[in-house]
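Trainee: Questions regarding the structure given below will be posed in turn.
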Amino acid sequence: MLLSLPRRTLLSSLAALGLSSLCGLTAQAATLADIQAHKVLNVGIQTDYPPYGYIDASMKPQGSDVATAELIAKQLGVKLNIVTVTSPARIPALQAGKVDLIISSMGKNPEREKVVDFTISYAPFFSGLYANKSLAIKQFGDLAGKTVSVTRGSLQDDALTKLAPAGAQIKRFEDDTATIASFVTGQSQVLAHSAAVAGLTMQRNPKLGAEYKLLLTDVPCFIGVAKGNTALLDQVNVILRTAKADGTLNAISEKYLGRPLGNLPE
């Protein structure tokens, strides 16, 4: 019977069946040997975050994070199982053993480094504040009295909390879809988001008359690995360095992000 299997085997079996979202069990992080033995790599990806991760018209996951996950799984010789996560749930999912890697346009900061190990960077990422052209925002003090939508637990949230004046009304949402919807429907005046996602939002909603106002963050993306999972971390770094050198990661960046990979730091 399925429930009599060892926990890690059960998780892998469910993953192979595409039932990741039904699994509420916790487990230790899979080692590189575990992943190779079970032939499944479970990767946490946000699928509401284009162009990094999204669901296309044929209901298939696409985006630069998905392409990077596919690359790593292929190089490991295993099947990729995408586990949909939200921004606040990414790290808890890794700590609970529900995913082996987080490839979710995640930035690195001291607080996160206390609980997650990070690979070298794999993609560019920057974010800012966006608002209607008529709204005068030339410095962060200008946010006083204005409503700003942001996704809870994101890098934009971290930066905004530090930079916004006391009079700013910050509306925090649990996922990116709700954050963007607040801005598009006029429930908030300012959007704090990545340049890529904000650009797509403005393209789809030209009547917003929105434009870039201020830079919030300019950091690359890193892959999250469970603390102490050294063999997996090292192997993923080997794959990323090779993909940087042969142009594979640059091609992914050009295709999905519309810009070159650039000189990313390790």
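For the structure tokens, the naming scheme is as follows: chains receive sequential letters (A, B, ...) according to their order of presentation, residues are indexed from 1 within each chain, and ligands are indexed from 1 in presentation order.
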Name all residues at most 12 Å from stretch 175-182 of chain A (count only C-alpha atoms; drop same-chain ones fewer than 6 positions away) and give them as number ranges by chain.
Mentor: A: 46-50, 53-54, 84-90, 130-131, 147-154, 156-157, 188-194, 197-202, 204-205
Trainee: Can you pull out every residue from stretch 4-234 of chain A that DSSP, working from the backbone, puts in strand (DSSP E or B), and format the result as a PyMOL selection string?
Mentor: chain A and resi 40-45+48-49+53-55+61-62+79-84+101-106+116-123+126-132+147-151+169-173+190-194+210-218+221-226
Trainee: Any chance you could tabulate, as CSV, the residues of stretch 88-199 of chain A at most 6 Å from stretch 215-236 of chain A with each one's nearest atom pair and distance in Å to one decimal, using only C-alpha atoms, in chain and rising number order?
Mentor:
```
residue,atom,partner,partner_atom,distance
A:Leu101,CA,A:Val225,CA,5.2
A:Ile102,CA,A:Gly224,CA,4.8
A:Ile103,CA,A:Ile223,CA,5.1
A:Ser105,CA,A:Cys221,CA,5.1
A:Met106,CA,A:Cys221,CA,5.2
A:Gly107,CA,A:Cys221,CA,5.0
A:Val116,CA,A:Lys227,CA,5.2
A:Asp117,CA,A:Val225,CA,5.1
A:Phe118,CA,A:Gly224,CA,4.9
A:Thr119,CA,A:Ile223,CA,5.3
A:Ser121,CA,A:Phe222,CA,4.5
A:Tyr122,CA,A:Cys221,CA,5.9
A:Ala123,CA,A:Cys221,CA,5.2
A:Pro124,CA,A:Pro220,CA,4.5
A:Phe125,CA,A:Pro220,CA,5.0
A:Phe126,CA,A:Asp218,CA,4.3
A:Ser127,CA,A:Thr217,CA,5.2
A:Gly128,CA,A:Leu215,CA,4.3
```
Trainee: My list of candidates is A:Ala30, A:Ala159, A:Ile55, A:Ile120. Which is closest to A:Gln95 when distances are computed with only C-alpha atoms?
Mentor: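 Checking each of A:Ala30, A:Ala159, A:Ile55, A:Ile120 against A:Gln95, counting only C-alpha atoms, the winner is A:Ala30.
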Trainee: Could you tell me, as JSON, numbers by chain, which residues of stretch 4-238 of chain A DSSP assigns to alpha helix (DSSP H) when given the backbone?
Mentor: {"A": [7, 8, 9, 10, 11, 12, 13, 14, 15, 16, 32, 33, 34, 35, 36, 37, 38, 64, 65, 66, 67, 68, 69, 70, 71, 72, 73, 74, 75, 76, 90, 91, 92, 93, 94, 95, 110, 111, 112, 113, 155, 156, 157, 158, 159, 160, 161, 162, 163, 176, 177, 178, 179, 180, 181, 182, 183, 184, 195, 196, 197, 198, 199, 200, 201, 202, 203, 204, 230, 231, 232, 233, 234, 235, 236, 237, 238]}
Trainee: Could the residues in this selection be saved with C-alpha atoms as a PDB file, in the first residue's frame?
Mentor:
```
ATOM      1  CA  ARG A   7       8.367   9.069   3.597  1.00  0.00           C
ATOM      2  CA  ARG A   8      10.849  10.164   0.936  1.00  0.00           C
ATOM      3  CA  THR A   9       9.684   7.393  -1.399  1.00  0.00           C
ATOM      4  CA  LEU A  10       6.078   8.464  -0.828  1.00  0.00           C
ATOM      5  CA  LEU A  11       6.915  12.064  -1.657  1.00  0.00           C
ATOM      6  CA  SER A  12       8.712  11.019  -4.813  1.00  0.00           C
ATOM      7  CA  SER A  13       5.806   8.774  -5.841  1.00  0.00           C
ATOM      8  CA  LEU A  14       3.321  11.592  -5.388  1.00  0.00           C
ATOM      9  CA  ALA A  15       5.612  13.949  -7.291  1.00  0.00           C
ATOM     10  CA  ALA A  16       5.874  11.510 -10.172  1.00  0.00           C
ATOM     11  CA  LEU A  32      21.896  14.720  -4.396  1.00  0.00           C
ATOM     12  CA  ALA A  33      22.082  10.939  -3.931  1.00  0.00           C
ATOM     13  CA  ASP A  34      18.342  10.817  -3.040  1.00  0.00           C
ATOM     14  CA  ILE A  35      17.402  12.803  -6.146  1.00  0.00           C
ATOM     15  CA  GLN A  36      19.516  10.634  -8.423  1.00  0.00           C
ATOM     16  CA  ALA A  37      18.171   7.460  -6.839  1.00  0.00           C
ATOM     17  CA  HIS A  38      14.510   8.457  -7.142  1.00  0.00           C
ATOM     18  CA  SER A  64      13.022  31.694 -17.382  1.00  0.00           C
ATOM     19  CA  ASP A  65      12.807  29.947 -13.997  1.00  0.00           C
ATOM     20  CA  VAL A  66      11.066  26.961 -15.591  1.00  0.00           C
ATOM     21  CA  ALA A  67      13.705  26.802 -18.338  1.00  0.00           C
ATOM     22  CA  THR A  68      16.485  26.925 -15.727  1.00  0.00           C
ATOM     23  CA  ALA A  69      14.837  24.140 -13.716  1.00  0.00           C
ATOM     24  CA  GLU A  70      14.499  22.053 -16.882  1.00  0.00           C
ATOM     25  CA  LEU A  71      18.185  22.602 -17.631  1.00  0.00           C
ATOM     26  CA  ILE A  72      19.262  21.446 -14.164  1.00  0.00           C
ATOM     27  CA  ALA A  73      16.995  18.390 -14.189  1.00  0.00           C
ATOM     28  CA  LYS A  74      18.291  17.407 -17.626  1.00  0.00           C
ATOM     29  CA  GLN A  75      21.913  17.730 -16.530  1.00  0.00           C
ATOM     30  CA  LEU A  76      21.178  15.641 -13.427  1.00  0.00           C
ATOM     31  CA  ARG A  90       9.027  29.413  -0.846  1.00  0.00           C
ATOM     32  CA  ILE A  91      11.469  29.041   2.025  1.00  0.00           C
ATOM     33  CA  PRO A  92       9.058  27.097   4.309  1.00  0.00           C
ATOM     34  CA  ALA A  93       8.502  24.613   1.459  1.00  0.00           C
ATOM     35  CA  LEU A  94      12.263  24.056   1.204  1.00  0.00           C
ATOM     36  CA  GLN A  95      12.678  23.718   4.962  1.00  0.00           C
ATOM     37  CA  PRO A 110      21.472  38.284   5.162  1.00  0.00           C
ATOM     38  CA  GLU A 111      18.194  37.190   6.734  1.00  0.00           C
ATOM     39  CA  ARG A 112      17.544  34.561   4.083  1.00  0.00           C
ATOM     40  CA  GLU A 113      21.130  33.338   4.249  1.00  0.00           C
ATOM     41  CA  LEU A 155      12.440  41.704  -1.873  1.00  0.00           C
ATOM     42  CA  GLN A 156      10.286  44.663  -2.875  1.00  0.00           C
ATOM     43  CA  ASP A 157       8.503  44.411   0.474  1.00  0.00           C
ATOM     44  CA  ASP A 158      11.837  44.350   2.325  1.00  0.00           C
ATOM     45  CA  ALA A 159      13.135  47.393   0.428  1.00  0.00           C
ATOM     46  CA  LEU A 160       9.879  49.318   0.653  1.00  0.00           C
ATOM     47  CA  THR A 161       9.663  48.785   4.411  1.00  0.00           C
ATOM     48  CA  LYS A 162      13.094  50.379   4.792  1.00  0.00           C
ATOM     49  CA  LEU A 163      12.692  53.223   2.286  1.00  0.00           C
ATOM     50  CA  ASP A 176       1.632  38.639  -7.039  1.00  0.00           C
ATOM     51  CA  THR A 177      -1.730  38.292  -8.761  1.00  0.00           C
ATOM     52  CA  ALA A 178      -3.483  40.135  -5.920  1.00  0.00           C
ATOM     53  CA  THR A 179      -0.724  42.765  -5.765  1.00  0.00           C
ATOM     54  CA  ILE A 180      -1.051  43.575  -9.466  1.00  0.00           C
ATOM     55  CA  ALA A 181      -4.858  43.460  -9.366  1.00  0.00           C
ATOM     56  CA  SER A 182      -4.867  46.102  -6.619  1.00  0.00           C
ATOM     57  CA  PHE A 183      -2.882  48.462  -8.839  1.00  0.00           C
ATOM     58  CA  VAL A 184      -4.766  47.736 -12.061  1.00  0.00           C
ATOM     59  CA  ALA A 195      10.655  45.666 -13.952  1.00  0.00           C
ATOM     60  CA  ALA A 196       9.709  42.635 -16.022  1.00  0.00           C
ATOM     61  CA  VAL A 197       6.336  42.084 -14.353  1.00  0.00           C
ATOM     62  CA  ALA A 198       5.541  45.799 -14.165  1.00  0.00           C
ATOM     63  CA  GLY A 199       6.412  46.159 -17.843  1.00  0.00           C
ATOM     64  CA  LEU A 200       4.076  43.321 -18.765  1.00  0.00           C
ATOM     65  CA  THR A 201       1.334  44.842 -16.606  1.00  0.00           C
ATOM     66  CA  MET A 202       1.692  48.243 -18.281  1.00  0.00           C
ATOM     67  CA  GLN A 203       1.733  46.626 -21.717  1.00  0.00           C
ATOM     68  CA  ARG A 204      -1.512  44.774 -21.008  1.00  0.00           C
ATOM     69  CA  THR A 230      26.399  20.711   0.130  1.00  0.00           C
ATOM     70  CA  ALA A 231      26.624  18.019  -2.547  1.00  0.00           C
ATOM     71  CA  LEU A 232      23.450  19.249  -4.265  1.00  0.00           C
ATOM     72  CA  LEU A 233      24.572  22.879  -3.959  1.00  0.00           C
ATOM     73  CA  ASP A 234      27.961  22.114  -5.497  1.00  0.00           C
ATOM     74  CA  GLN A 235      26.485  20.124  -8.383  1.00  0.00           C
ATOM     75  CA  VAL A 236      23.959  22.830  -9.248  1.00  0.00           C
ATOM     76  CA  ASN A 237      26.789  25.383  -9.229  1.00  0.00           C
ATOM     77  CA  VAL A 238      28.744  23.237 -11.678  1.00  0.00           C
TER      78      VAL A 238
END
```
Trainee: To one decimal in Å, tell me the separation between atom CA of A:Gln139 and atom CA of A:Ala210.
Mentor: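 Going from atom CA of A:Gln139 over to atom CA of A:Ala210 covers 16.7 Å.
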Trainee: With distances taken over only C-alpha atoms, which residue among A:Pro51, A:Gly145, A:Pro260, A:Gly186 lies nearest A:Ile170?
Mentor: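 Looking only at the distances to A:Ile170, the closest residue turns out to be A:Gly145.
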Trainee: Could you work out how far atom CA of A:Leu240 lies from atom CA of A:Asn42, giving the answer in Å with one decimal?
Mentor: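 A separation of 17.5 Å between them.
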Trainee: What's the 7 Å shell around A:Val83, counting only C-alpha atoms, without same-chain residues fewer than 3 positions away, as a PyMOL selection string?
Mentor: chain A and resi 20+42-45
Trainee: Could the residues in this selection be saved with N, CA and C atoms as a PDB file, in the first residue's frame?
Mentor:
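Contents of part-v4.pdb, as written:
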```pdb
ATOM      1  N   SER A  20       1.916  16.904  -6.131  1.00  0.00           N
ATOM      2  CA  SER A  20       2.666  17.664  -5.135  1.00  0.00           C
ATOM      3  C   SER A  20       1.771  18.539  -4.284  1.00  0.00           C
ATOM      4  N   ASN A  42      12.332  17.914  -7.338  1.00  0.00           N
ATOM      5  CA  ASN A  42      11.189  18.747  -6.992  1.00  0.00           C
ATOM      6  C   ASN A  42      11.653  20.203  -6.844  1.00  0.00           C
ATOM      7  N   VAL A  43      11.113  21.063  -7.678  1.00  0.00           N
ATOM      8  CA  VAL A  43      11.555  22.460  -7.700  1.00  0.00           C
ATOM      9  C   VAL A  43      10.386  23.395  -7.422  1.00  0.00           C
ATOM     10  N   GLY A  44      10.548  24.284  -6.451  1.00  0.00           N
ATOM     11  CA  GLY A  44       9.528  25.273  -6.133  1.00  0.00           C
ATOM     12  C   GLY A  44       9.641  26.471  -7.056  1.00  0.00           C
ATOM     13  N   ILE A  45       8.559  26.763  -7.786  1.00  0.00           N
ATOM     14  CA  ILE A  45       8.532  27.870  -8.753  1.00  0.00           C
ATOM     15  C   ILE A  45       7.210  28.619  -8.612  1.00  0.00           C
TER      16      ILE A  45
END
```
Trainee: Rounded to one decimal, what separation in Å do you get between atom CA of A:Glu211 and atom CA of A:Leu264?
Mentor: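 The value is 26.5 Å.
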Trainee: Between A:Asn132, A:Glu254, A:Gly77, A:Lys114, which residue has the minimum interatomic distance to A:Lys207, considering only C-alpha atoms?
Mentor: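 Checking each candidate against A:Lys207, we get A:Asn132 as the closest.
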